[in-house]
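Content type mmCIF, C-alpha atoms, pLDDT in the B column; chains and numbers go by the auth columns, from the file structure-v7.cif:
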data_model
loop_
_atom_site.group_PDB
_atom_site.id
_atom_site.type_symbol
_atom_site.label_atom_id
_atom_site.label_comp_id
_atom_site.label_asym_id
_atom_site.label_seq_id
_atom_site.Cartn_x
_atom_site.Cartn_y
_atom_site.Cartn_z
_atom_site.B_iso_or_equiv
_atom_site.auth_seq_id
_atom_site.auth_asym_id
ATOM 1 C CA MET A 1 -4.677 -75.326 14.295 39.00 1 A
ATOM 2 C CA ALA A 2 -3.785 -77.407 11.250 43.00 2 A
ATOM 3 C CA ASP A 3 -6.215 -77.767 8.382 48.00 3 A
ATOM 4 C CA PRO A 4 -7.792 -81.237 8.802 49.00 4 A
ATOM 5 C CA GLY A 5 -8.014 -81.641 5.012 53.00 5 A
ATOM 6 C CA GLY A 6 -4.422 -80.647 4.378 58.00 6 A
ATOM 7 C CA CYS A 7 -0.936 -81.481 5.568 70.00 7 A
ATOM 8 C CA ALA A 8 1.037 -79.675 8.270 81.00 8 A
ATOM 9 C CA ASN A 9 4.144 -79.520 6.044 91.00 9 A
ATOM 10 C CA PRO A 10 3.060 -80.408 2.523 96.00 10 A
ATOM 11 C CA VAL A 11 5.608 -81.405 -0.115 98.00 11 A
ATOM 12 C CA ALA A 12 3.146 -81.030 -3.006 98.00 12 A
ATOM 13 C CA ARG A 13 0.083 -78.909 -3.568 98.00 13 A
ATOM 14 C CA THR A 14 -2.553 -79.659 -6.204 98.00 14 A
ATOM 15 C CA VAL A 15 -5.779 -78.071 -7.313 97.00 15 A
ATOM 16 C CA LEU A 16 -8.417 -80.168 -9.086 96.00 16 A
ATOM 17 C CA GLN A 17 -11.082 -78.798 -11.407 95.00 17 A
ATOM 18 C CA GLN A 18 -13.590 -80.943 -13.264 92.00 18 A
ATOM 19 C CA CYS A 19 -14.176 -79.682 -16.787 94.00 19 A
ATOM 20 C CA LEU A 20 -16.304 -80.169 -19.863 94.00 20 A
ATOM 21 C CA GLU A 21 -13.304 -79.213 -21.976 96.00 21 A
ATOM 22 C CA ALA A 22 -9.949 -77.522 -21.481 97.00 22 A
ATOM 23 C CA ARG A 23 -7.328 -76.106 -23.805 98.00 23 A
ATOM 24 C CA LEU A 24 -3.765 -75.181 -22.822 98.00 24 A
ATOM 25 C CA GLN A 25 -1.212 -73.283 -24.885 96.00 25 A
ATOM 26 C CA VAL A 26 2.088 -75.144 -24.620 94.00 26 A
ATOM 27 C CA LYS A 27 4.115 -73.006 -27.022 92.00 27 A
ATOM 28 C CA ALA A 28 3.661 -69.308 -27.687 89.00 28 A
ATOM 29 C CA PRO A 29 3.420 -68.104 -31.274 91.00 29 A
ATOM 30 C CA ASP A 30 6.530 -66.701 -32.902 91.00 30 A
ATOM 31 C CA GLU A 31 7.451 -65.265 -36.287 93.00 31 A
ATOM 32 C CA ASP A 32 7.600 -68.706 -37.911 93.00 32 A
ATOM 33 C CA GLN A 33 4.621 -70.559 -36.456 93.00 33 A
ATOM 34 C CA GLU A 34 1.315 -70.264 -34.659 94.00 34 A
ATOM 35 C CA ALA A 35 0.801 -71.113 -31.001 93.00 35 A
ATOM 36 C CA GLN A 36 0.670 -74.811 -30.115 95.00 36 A
ATOM 37 C CA TRP A 37 -2.112 -76.144 -27.898 97.00 37 A
ATOM 38 C CA VAL A 38 -3.152 -79.349 -26.155 97.00 38 A
ATOM 39 C CA GLN A 39 -6.801 -80.052 -25.456 97.00 39 A
ATOM 40 C CA ILE A 40 -9.035 -82.443 -23.548 97.00 40 A
ATOM 41 C CA GLU A 41 -12.748 -83.027 -23.546 95.00 41 A
ATOM 42 C CA ARG A 42 -14.693 -84.019 -20.441 94.00 42 A
ATOM 43 C CA GLY A 43 -12.476 -84.804 -17.501 95.00 43 A
ATOM 44 C CA MET A 44 -10.287 -83.019 -14.999 96.00 44 A
ATOM 45 C CA VAL A 45 -7.591 -80.358 -14.867 97.00 45 A
ATOM 46 C CA VAL A 46 -4.885 -80.907 -12.228 98.00 46 A
ATOM 47 C CA TYR A 47 -2.637 -77.990 -11.315 98.00 47 A
ATOM 48 C CA VAL A 48 0.488 -79.258 -9.539 98.00 48 A
ATOM 49 C CA CYS A 49 3.314 -77.655 -7.566 98.00 49 A
ATOM 50 C CA PHE A 50 6.164 -79.425 -5.805 98.00 50 A
ATOM 51 C CA LEU A 51 7.489 -77.957 -2.563 98.00 51 A
ATOM 52 C CA LYS A 52 10.763 -78.407 -0.691 97.00 52 A
ATOM 53 C CA GLY A 53 11.078 -81.937 0.607 97.00 53 A
ATOM 54 C CA ALA A 54 9.237 -83.522 -2.348 98.00 54 A
ATOM 55 C CA THR A 55 10.727 -86.758 -3.657 98.00 55 A
ATOM 56 C CA GLU A 56 9.570 -89.366 -6.152 98.00 56 A
ATOM 57 C CA ASP A 57 8.299 -91.454 -3.214 98.00 57 A
ATOM 58 C CA ILE A 58 5.187 -89.242 -2.944 98.00 58 A
ATOM 59 C CA LEU A 59 4.217 -89.553 -6.632 98.00 59 A
ATOM 60 C CA PRO A 60 2.354 -92.909 -6.560 98.00 60 A
ATOM 61 C CA LYS A 61 0.208 -91.704 -3.635 98.00 61 A
ATOM 62 C CA MET A 62 -0.525 -88.436 -5.433 98.00 62 A
ATOM 63 C CA VAL A 63 -1.540 -90.181 -8.652 98.00 63 A
ATOM 64 C CA SER A 64 -3.720 -92.723 -6.866 97.00 64 A
ATOM 65 C CA THR A 65 -5.458 -90.096 -4.739 97.00 65 A
ATOM 66 C CA LEU A 66 -6.059 -87.596 -7.538 98.00 66 A
ATOM 67 C CA LEU A 67 -7.293 -90.094 -10.112 97.00 67 A
ATOM 68 C CA ASN A 68 -9.533 -91.996 -7.696 96.00 68 A
ATOM 69 C CA VAL A 69 -11.184 -89.136 -5.797 95.00 69 A
ATOM 70 C CA ARG A 70 -14.895 -88.896 -6.644 93.00 70 A
ATOM 71 C CA LEU A 71 -15.055 -85.435 -8.142 90.00 71 A
ATOM 72 C CA CYS A 72 -16.569 -85.856 -11.608 88.00 72 A
ATOM 73 C CA GLU A 73 -20.329 -85.731 -12.102 84.00 73 A
ATOM 74 C CA SER A 74 -21.754 -88.891 -13.624 82.00 74 A
ATOM 75 C CA SER A 75 -24.711 -89.047 -15.987 81.00 75 A
ATOM 76 C CA ALA A 76 -26.653 -90.728 -13.144 84.00 76 A
ATOM 77 C CA GLY A 77 -26.252 -87.627 -10.971 82.00 77 A
ATOM 78 C CA GLY A 78 -23.667 -88.817 -8.452 87.00 78 A
ATOM 79 C CA THR A 79 -19.942 -88.329 -8.481 90.00 79 A
ATOM 80 C CA VAL A 80 -17.329 -90.734 -9.788 93.00 80 A
ATOM 81 C CA SER A 81 -13.564 -90.724 -10.124 94.00 81 A
ATOM 82 C CA LEU A 82 -11.825 -89.685 -13.314 95.00 82 A
ATOM 83 C CA LEU A 83 -10.896 -93.332 -13.899 95.00 83 A
ATOM 84 C CA ASP A 84 -14.500 -94.487 -13.450 93.00 84 A
ATOM 85 C CA LEU A 85 -15.854 -91.817 -15.801 90.00 85 A
ATOM 86 C CA PRO A 86 -13.506 -92.447 -17.785 90.00 86 A
ATOM 87 C CA GLY A 87 -12.384 -88.908 -18.481 92.00 87 A
ATOM 88 C CA SER A 88 -9.346 -87.182 -19.865 97.00 88 A
ATOM 89 C CA LEU A 89 -6.730 -85.442 -17.748 98.00 89 A
ATOM 90 C CA LEU A 90 -4.918 -82.153 -18.314 98.00 90 A
ATOM 91 C CA VAL A 91 -1.893 -81.638 -16.038 98.00 91 A
ATOM 92 C CA VAL A 92 -0.788 -78.032 -15.617 98.00 92 A
ATOM 93 C CA PRO A 93 2.469 -77.156 -13.842 97.00 93 A
ATOM 94 C CA GLN A 94 1.632 -74.319 -11.462 96.00 94 A
ATOM 95 C CA ALA A 95 4.584 -73.082 -9.405 94.00 95 A
ATOM 96 C CA THR A 96 2.484 -70.215 -8.075 95.00 96 A
ATOM 97 C CA LEU A 97 0.625 -72.686 -5.837 96.00 97 A
ATOM 98 C CA GLY A 98 3.765 -72.664 -3.675 95.00 98 A
ATOM 99 C CA GLY A 99 3.600 -68.937 -3.081 95.00 99 A
ATOM 100 C CA LYS A 100 3.122 -67.155 0.233 94.00 100 A
ATOM 101 C CA ALA A 101 2.195 -63.524 0.656 95.00 101 A
ATOM 102 C CA LYS A 102 4.824 -61.394 2.341 95.00 102 A
ATOM 103 C CA GLY A 103 3.527 -57.891 2.576 95.00 103 A
ATOM 104 C CA ARG A 104 2.142 -57.008 -0.825 95.00 104 A
ATOM 105 C CA VAL A 105 4.251 -59.452 -2.846 95.00 105 A
ATOM 106 C CA MET A 106 4.225 -63.206 -3.331 96.00 106 A
ATOM 107 C CA GLN A 107 7.341 -65.214 -2.533 96.00 107 A
ATOM 108 C CA TYR A 108 8.130 -68.738 -3.701 95.00 108 A
ATOM 109 C CA HIS A 109 10.983 -69.763 -1.394 95.00 109 A
ATOM 110 C CA ASN A 110 9.218 -73.023 -0.445 96.00 110 A
ATOM 111 C CA ASN A 111 9.148 -74.401 -4.010 97.00 111 A
ATOM 112 C CA VAL A 112 11.617 -77.104 -5.055 97.00 112 A
ATOM 113 C CA ALA A 113 14.525 -76.145 -7.298 97.00 113 A
ATOM 114 C CA LYS A 114 13.484 -75.866 -10.940 96.00 114 A
ATOM 115 C CA GLU A 115 15.498 -78.937 -12.011 97.00 115 A
ATOM 116 C CA ASP A 116 13.938 -81.062 -9.253 98.00 116 A
ATOM 117 C CA GLY A 117 10.488 -79.736 -10.097 97.00 117 A
ATOM 118 C CA LEU A 118 10.910 -80.652 -13.754 98.00 118 A
ATOM 119 C CA ARG A 119 12.038 -84.180 -12.858 98.00 119 A
ATOM 120 C CA LEU A 120 9.117 -84.692 -10.441 98.00 120 A
ATOM 121 C CA TYR A 121 6.609 -83.177 -12.869 98.00 121 A
ATOM 122 C CA THR A 122 7.808 -85.378 -15.744 98.00 122 A
ATOM 123 C CA ARG A 123 7.530 -88.530 -13.634 98.00 123 A
ATOM 124 C CA PHE A 124 4.119 -87.442 -12.271 98.00 124 A
ATOM 125 C CA VAL A 125 2.811 -87.050 -15.843 98.00 125 A
ATOM 126 C CA GLU A 126 4.221 -90.475 -16.798 98.00 126 A
ATOM 127 C CA LEU A 127 2.472 -92.165 -13.851 98.00 127 A
ATOM 128 C CA CYS A 128 -0.808 -90.384 -14.624 98.00 128 A
ATOM 129 C CA ARG A 129 -0.550 -91.431 -18.269 97.00 129 A
ATOM 130 C CA GLN A 130 -0.098 -95.098 -17.288 96.00 130 A
ATOM 131 C CA GLU A 131 -3.239 -95.077 -15.127 96.00 131 A
ATOM 132 C CA VAL A 132 -5.497 -92.959 -17.345 96.00 132 A
ATOM 133 C CA THR A 133 -4.528 -94.773 -20.546 94.00 133 A
ATOM 134 C CA ALA A 134 -5.299 -98.118 -18.881 93.00 134 A
ATOM 135 C CA ALA A 135 -8.805 -96.740 -18.134 91.00 135 A
ATOM 136 C CA GLY A 136 -9.306 -95.854 -21.805 91.00 136 A
ATOM 137 C CA ALA A 137 -8.792 -92.086 -21.731 93.00 137 A
ATOM 138 C CA GLY A 138 -6.020 -89.630 -22.541 95.00 138 A
ATOM 139 C CA VAL A 139 -3.590 -87.354 -20.750 97.00 139 A
ATOM 140 C CA ARG A 140 -2.317 -84.013 -21.979 98.00 140 A
ATOM 141 C CA HIS A 141 0.076 -81.773 -20.114 98.00 141 A
ATOM 142 C CA GLY A 142 1.644 -78.365 -20.050 97.00 142 A
ATOM 143 C CA THR A 143 5.278 -77.375 -20.408 95.00 143 A
ATOM 144 C CA TYR A 144 7.128 -77.084 -17.110 95.00 144 A
ATOM 145 C CA GLY A 145 8.667 -73.676 -16.453 89.00 145 A
ATOM 146 C CA ASN A 146 6.714 -71.751 -19.118 86.00 146 A
ATOM 147 C CA ARG A 147 3.835 -69.340 -18.733 85.00 147 A
ATOM 148 C CA GLN A 148 0.842 -70.830 -20.531 89.00 148 A
ATOM 149 C CA VAL A 149 -2.603 -69.688 -21.615 94.00 149 A
ATOM 150 C CA LEU A 150 -5.483 -71.823 -20.321 96.00 150 A
ATOM 151 C CA HIS A 151 -9.134 -71.965 -21.358 97.00 151 A
ATOM 152 C CA VAL A 152 -11.469 -74.109 -19.235 96.00 152 A
ATOM 153 C CA LYS A 153 -15.157 -74.758 -19.820 96.00 153 A
ATOM 154 C CA THR A 154 -16.804 -76.119 -16.703 92.00 154 A
ATOM 155 C CA ASN A 155 -20.313 -76.697 -15.419 84.00 155 A
ATOM 156 C CA GLY A 156 -19.527 -74.996 -12.131 79.00 156 A
ATOM 157 C CA PRO A 157 -16.625 -73.647 -10.124 74.00 157 A
ATOM 158 C CA CYS A 158 -15.997 -76.954 -8.389 82.00 158 A
ATOM 159 C CA THR A 159 -12.341 -76.514 -7.394 91.00 159 A
ATOM 160 C CA HIS A 160 -10.547 -78.589 -4.745 95.00 160 A
ATOM 161 C CA LEU A 161 -7.199 -78.173 -3.019 96.00 161 A
ATOM 162 C CA VAL A 162 -5.356 -81.401 -2.148 97.00 162 A
ATOM 163 C CA GLU A 163 -2.002 -81.336 -0.370 97.00 163 A
ATOM 164 C CA PHE A 164 0.454 -84.174 0.115 97.00 164 A
#

Re-express the file's structure as structure tokens.
Amino acid sequence: MADPGGCANPVARTVLQQCLEARLQVKAPDEDQEAQWVQIERGMVVYVCFLKGATEDILPKMVSTLLNVRLCESSAGGTVSLLDLPGSLLVVPQATLGGKAKGRVMQYHNNVAKEDGLRLYTRFVELCRQEVTAAGAGVRHGTYGNRQVLHVKTNGPCTHLVEF
């Protein structure tokens, strides 16, 4: 039986996490310089992975859904969308969301090719930036294809999976 909240054959998988603040290392330290970080205050972290079959056609729907879902706690006690908050957005590329367990190892055969993933990720970030900036908040993002260190401060483990 298919998951009623998901897609039978998703082309993108996202995980949403509201946060009080988040900090992501986008460049590791080396001999010549310290690590580089991006940071947001109150808002939402979106982990995103593109799967085989993903095209740019899905991106507007993803952005609209993710930025308008009522996930963030308001000062009045209810939930509002990131755009209604308005809150900042941190986008984290997360290829591991495409993994499937085979025996005792994870395999990632269902992920898009790295070049396609980078193109889709870059466009996804651009579309998010257009919407969030129009609402008066900021967007930060990770570096596609690199392992990154993430620190998240949240007021509860309120994590949601959304597939497209």

Compile the contact shell of region 106-111 of chain A as a ChimeraX atom specification: residues with an atom at most 10 Å away, counting all atoms listed in the file, same-chain residues fewer than 4 positions apart removed. /A:11-12,49-54,95-102,116-117

So, with only C-alpha atoms as the atoms that count, which of A:Pro93, A:Gly103, A:Pro60, A:Pro157 lies closest to Glu131 (chain A)?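 Among the listed residues, A:Pro60 lies closest to Glu131 (chain A).
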
For the structure provided, state which residues fall under the PyMOL selection byres ((chain A and resi 85) around 9), and present them as a PyMOL selection string. chain A and resi 43+72-74+80-84+86-88+135

Measuring atom to atom with only C-alpha atoms, identify which of A:Asn9, A:Gln94, A:Thr14, A:Thr133 is nearest to Val162 (chain A).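 Comparing A:Asn9, A:Gln94, A:Thr14, A:Thr133 against Val162 (chain A), the winner is A:Thr14.
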
What residues come out when you apply the PyMOL selection byres ((chain A and resi 65) around 12) to this file, written as a count of residues only? 24

Specify as an mmCIF file with C-alpha atoms, in the coordinates of the input each residue included when the PyMOL selection byres ((chain A and resi 45) around 6) is applied to this file.
data_model
loop_
_atom_site.group_PDB
_atom_site.id
_atom_site.type_symbol
_atom_site.label_atom_id
_atom_site.label_comp_id
_atom_site.auth_asym_id
_atom_site.auth_seq_id
_atom_site.Cartn_x
_atom_site.Cartn_y
_atom_site.Cartn_z
ATOM 1 C CA LEU A 16 -8.417 -80.168 -9.086
ATOM 2 C CA GLN A 17 -11.082 -78.798 -11.407
ATOM 3 C CA MET A 44 -10.287 -83.019 -14.999
ATOM 4 C CA VAL A 46 -4.885 -80.907 -12.228
ATOM 5 C CA LEU A 89 -6.730 -85.442 -17.748
ATOM 6 C CA LEU A 90 -4.918 -82.153 -18.314
ATOM 7 C CA VAL A 91 -1.893 -81.638 -16.038
#

Interatomic distance between CA of Glu115 (chain A) and CA of Leu24 (chain A)? 22.4 Å

For Gly142 (chain A), which residue out of A:Arg119, A:His160, A:Arg23, A:Arg42 is the nearest one, using only C-alpha atoms?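 Of all the options, A:Arg23 lies closest to Gly142 (chain A).
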
Just to confirm, what's the straight-line distance from CA of Tyr144 (chain A) to CA of Arg13 (chain A) in Å (one decimal)?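 Separation between CA of Tyr144 (chain A) and CA of Arg13 (chain A): 15.4 Å.
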
Which residues are close to Lys27 (chain A), i.e. within 9 Å by only C-alpha atoms, leaving aside same-chain residues fewer than 3 positions away? Reply as an mmCIF file with C-alpha atoms, in the frame of the given file.
data_model
loop_
_atom_site.group_PDB
_atom_site.id
_atom_site.type_symbol
_atom_site.label_atom_id
_atom_site.label_comp_id
_atom_site.auth_asym_id
_atom_site.auth_seq_id
_atom_site.Cartn_x
_atom_site.Cartn_y
_atom_site.Cartn_z
ATOM 1 C CA ASP A 30 6.530 -66.701 -32.902
ATOM 2 C CA GLU A 34 1.315 -70.264 -34.659
ATOM 3 C CA ALA A 35 0.801 -71.113 -31.001
ATOM 4 C CA GLN A 36 0.670 -74.811 -30.115
ATOM 5 C CA TRP A 37 -2.112 -76.144 -27.898
ATOM 6 C CA THR A 143 5.278 -77.375 -20.408
ATOM 7 C CA ASN A 146 6.714 -71.751 -19.118
ATOM 8 C CA GLN A 148 0.842 -70.830 -20.531
#

Grab the CA of Val149 (chain A) to CA of Gly136 (chain A) distance for me, in Å with one decimal place. 27.0 Å

Between A:Gln33, A:Val152, A:Gln18, A:Ile40, which has the minimum distance to Ala137 (chain A) (counting all atoms listed in the file)? A:Ile40

Hey, can I get the axis-aligned box for region 135-152 of chain A? All listed atoms, 5 Å padding on each side, centre and edge lengths in Å to one decimal, as JSON.
{"center_x": -1.4, "center_y": -83.0, "center_z": -19.5, "size_x": 30.1, "size_y": 37.4, "size_z": 16.1}

Which of A:Thr55, A:Thr159, A:Gln25, A:Ser75 sits closest to Arg140 (chain A) [using only C-alpha atoms]: A:Gln25

Any chance you could model N, CA, C and O atoms for region 19-44 of chain A and send them as a PDB file, keeping the file's coordinate frame?
ATOM      1  N   CYS A  19     -13.931 -80.540 -15.632  1.00 94.00           N
ATOM      2  CA  CYS A  19     -14.176 -79.682 -16.787  1.00 94.00           C
ATOM      3  C   CYS A  19     -14.978 -80.425 -17.854  1.00 94.00           C
ATOM      4  O   CYS A  19     -15.000 -81.648 -17.895  1.00 94.00           O
ATOM      5  N   LEU A  20     -15.627 -79.633 -18.682  1.00 94.00           N
ATOM      6  CA  LEU A  20     -16.304 -80.169 -19.863  1.00 94.00           C
ATOM      7  C   LEU A  20     -15.334 -80.193 -21.035  1.00 94.00           C
ATOM      8  O   LEU A  20     -15.419 -81.045 -21.910  1.00 94.00           O
ATOM      9  N   GLU A  21     -14.412 -79.232 -21.033  1.00 96.00           N
ATOM     10  CA  GLU A  21     -13.304 -79.213 -21.976  1.00 96.00           C
ATOM     11  C   GLU A  21     -12.269 -78.226 -21.474  1.00 96.00           C
ATOM     12  O   GLU A  21     -12.583 -77.313 -20.714  1.00 96.00           O
ATOM     13  N   ALA A  22     -11.025 -78.426 -21.871  1.00 97.00           N
ATOM     14  CA  ALA A  22      -9.949 -77.522 -21.481  1.00 97.00           C
ATOM     15  C   ALA A  22      -8.918 -77.487 -22.596  1.00 97.00           C
ATOM     16  O   ALA A  22      -8.675 -78.491 -23.273  1.00 97.00           O
ATOM     17  N   ARG A  23      -8.317 -76.322 -22.749  1.00 98.00           N
ATOM     18  CA  ARG A  23      -7.328 -76.106 -23.805  1.00 98.00           C
ATOM     19  C   ARG A  23      -6.178 -75.306 -23.217  1.00 98.00           C
ATOM     20  O   ARG A  23      -6.394 -74.269 -22.587  1.00 98.00           O
ATOM     21  N   LEU A  24      -4.945 -75.795 -23.407  1.00 98.00           N
ATOM     22  CA  LEU A  24      -3.765 -75.181 -22.822  1.00 98.00           C
ATOM     23  C   LEU A  24      -2.728 -74.894 -23.906  1.00 98.00           C
ATOM     24  O   LEU A  24      -2.371 -75.778 -24.682  1.00 98.00           O
ATOM     25  N   GLN A  25      -2.267 -73.650 -23.946  1.00 96.00           N
ATOM     26  CA  GLN A  25      -1.212 -73.283 -24.885  1.00 96.00           C
ATOM     27  C   GLN A  25       0.115 -73.765 -24.328  1.00 96.00           C
ATOM     28  O   GLN A  25       0.482 -73.428 -23.212  1.00 96.00           O
ATOM     29  N   VAL A  26       0.820 -74.597 -25.092  1.00 94.00           N
ATOM     30  CA  VAL A  26       2.088 -75.144 -24.620  1.00 94.00           C
ATOM     31  C   VAL A  26       3.296 -74.512 -25.304  1.00 94.00           C
ATOM     32  O   VAL A  26       4.422 -74.703 -24.873  1.00 94.00           O
ATOM     33  N   LYS A  27       3.042 -73.747 -26.363  1.00 92.00           N
ATOM     34  CA  LYS A  27       4.115 -73.006 -27.022  1.00 92.00           C
ATOM     35  C   LYS A  27       3.524 -71.727 -27.587  1.00 92.00           C
ATOM     36  O   LYS A  27       2.538 -71.759 -28.323  1.00 92.00           O
ATOM     37  N   ALA A  28       4.135 -70.612 -27.213  1.00 89.00           N
ATOM     38  CA  ALA A  28       3.661 -69.308 -27.687  1.00 89.00           C
ATOM     39  C   ALA A  28       3.946 -69.152 -29.175  1.00 89.00           C
ATOM     40  O   ALA A  28       4.889 -69.750 -29.699  1.00 89.00           O
ATOM     41  N   PRO A  29       3.152 -68.331 -29.851  1.00 91.00           N
ATOM     42  CA  PRO A  29       3.420 -68.104 -31.274  1.00 91.00           C
ATOM     43  C   PRO A  29       4.721 -67.313 -31.441  1.00 91.00           C
ATOM     44  O   PRO A  29       5.125 -66.563 -30.554  1.00 91.00           O
ATOM     45  N   ASP A  30       5.363 -67.517 -32.568  1.00 91.00           N
ATOM     46  CA  ASP A  30       6.530 -66.701 -32.902  1.00 91.00           C
ATOM     47  C   ASP A  30       6.429 -66.309 -34.369  1.00 91.00           C
ATOM     48  O   ASP A  30       5.406 -66.535 -35.006  1.00 91.00           O
ATOM     49  N   GLU A  31       7.477 -65.742 -34.902  1.00 93.00           N
ATOM     50  CA  GLU A  31       7.451 -65.265 -36.287  1.00 93.00           C
ATOM     51  C   GLU A  31       7.198 -66.384 -37.291  1.00 93.00           C
ATOM     52  O   GLU A  31       6.619 -66.161 -38.344  1.00 93.00           O
ATOM     53  N   ASP A  32       7.651 -67.605 -36.947  1.00 93.00           N
ATOM     54  CA  ASP A  32       7.600 -68.706 -37.911  1.00 93.00           C
ATOM     55  C   ASP A  32       6.395 -69.631 -37.778  1.00 93.00           C
ATOM     56  O   ASP A  32       6.079 -70.358 -38.711  1.00 93.00           O
ATOM     57  N   GLN A  33       5.748 -69.636 -36.601  1.00 93.00           N
ATOM     58  CA  GLN A  33       4.621 -70.559 -36.456  1.00 93.00           C
ATOM     59  C   GLN A  33       3.605 -70.065 -35.429  1.00 93.00           C
ATOM     60  O   GLN A  33       3.907 -69.246 -34.573  1.00 93.00           O
ATOM     61  N   GLU A  34       2.402 -70.610 -35.567  1.00 94.00           N
ATOM     62  CA  GLU A  34       1.315 -70.264 -34.659  1.00 94.00           C
ATOM     63  C   GLU A  34       1.531 -70.929 -33.301  1.00 94.00           C
ATOM     64  O   GLU A  34       2.356 -71.827 -33.159  1.00 94.00           O
ATOM     65  N   ALA A  35       0.748 -70.509 -32.331  1.00 93.00           N
ATOM     66  CA  ALA A  35       0.801 -71.113 -31.001  1.00 93.00           C
ATOM     67  C   ALA A  35       0.443 -72.591 -31.091  1.00 93.00           C
ATOM     68  O   ALA A  35      -0.323 -73.008 -31.967  1.00 93.00           O
ATOM     69  N   GLN A  36       1.010 -73.390 -30.186  1.00 95.00           N
ATOM     70  CA  GLN A  36       0.670 -74.811 -30.115  1.00 95.00           C
ATOM     71  C   GLN A  36      -0.154 -75.052 -28.854  1.00 95.00           C
ATOM     72  O   GLN A  36       0.154 -74.492 -27.789  1.00 95.00           O
ATOM     73  N   TRP A  37      -1.172 -75.889 -28.979  1.00 97.00           N
ATOM     74  CA  TRP A  37      -2.112 -76.144 -27.898  1.00 97.00           C
ATOM     75  C   TRP A  37      -2.277 -77.639 -27.672  1.00 97.00           C
ATOM     76  O   TRP A  37      -2.106 -78.428 -28.604  1.00 97.00           O
ATOM     77  N   VAL A  38      -2.652 -78.009 -26.446  1.00 97.00           N
ATOM     78  CA  VAL A  38      -3.152 -79.349 -26.155  1.00 97.00           C
ATOM     79  C   VAL A  38      -4.567 -79.166 -25.627  1.00 97.00           C
ATOM     80  O   VAL A  38      -4.904 -78.115 -25.066  1.00 97.00           O
ATOM     81  N   GLN A  39      -5.388 -80.192 -25.803  1.00 97.00           N
ATOM     82  CA  GLN A  39      -6.801 -80.052 -25.456  1.00 97.00           C
ATOM     83  C   GLN A  39      -7.362 -81.367 -24.941  1.00 97.00           C
ATOM     84  O   GLN A  39      -6.937 -82.441 -25.384  1.00 97.00           O
ATOM     85  N   ILE A  40      -8.285 -81.269 -23.995  1.00 97.00           N
ATOM     86  CA  ILE A  40      -9.035 -82.443 -23.548  1.00 97.00           C
ATOM     87  C   ILE A  40     -10.522 -82.122 -23.608  1.00 97.00           C
ATOM     88  O   ILE A  40     -10.912 -80.958 -23.611  1.00 97.00           O
ATOM     89  N   GLU A  41     -11.302 -83.168 -23.658  1.00 95.00           N
ATOM     90  CA  GLU A  41     -12.748 -83.027 -23.546  1.00 95.00           C
ATOM     91  C   GLU A  41     -13.115 -83.240 -22.072  1.00 95.00           C
ATOM     92  O   GLU A  41     -12.326 -82.943 -21.203  1.00 95.00           O
ATOM     93  N   ARG A  42     -14.230 -83.833 -21.802  1.00 94.00           N
ATOM     94  CA  ARG A  42     -14.693 -84.019 -20.441  1.00 94.00           C
ATOM     95  C   ARG A  42     -13.665 -84.741 -19.578  1.00 94.00           C
ATOM     96  O   ARG A  42     -13.076 -85.739 -19.975  1.00 94.00           O
ATOM     97  N   GLY A  43     -13.447 -84.194 -18.390  1.00 95.00           N
ATOM     98  CA  GLY A  43     -12.476 -84.804 -17.501  1.00 95.00           C
ATOM     99  C   GLY A  43     -12.083 -83.884 -16.369  1.00 95.00           C
ATOM    100  O   GLY A  43     -12.944 -83.262 -15.746  1.00 95.00           O
ATOM    101  N   MET A  44     -10.768 -83.763 -16.154  1.00 96.00           N
ATOM    102  CA  MET A  44     -10.287 -83.019 -14.999  1.00 96.00           C
ATOM    103  C   MET A  44      -8.969 -82.311 -15.331  1.00 96.00           C
ATOM    104  O   MET A  44      -8.120 -82.862 -16.032  1.00 96.00           O
TER     105      MET A  44
END
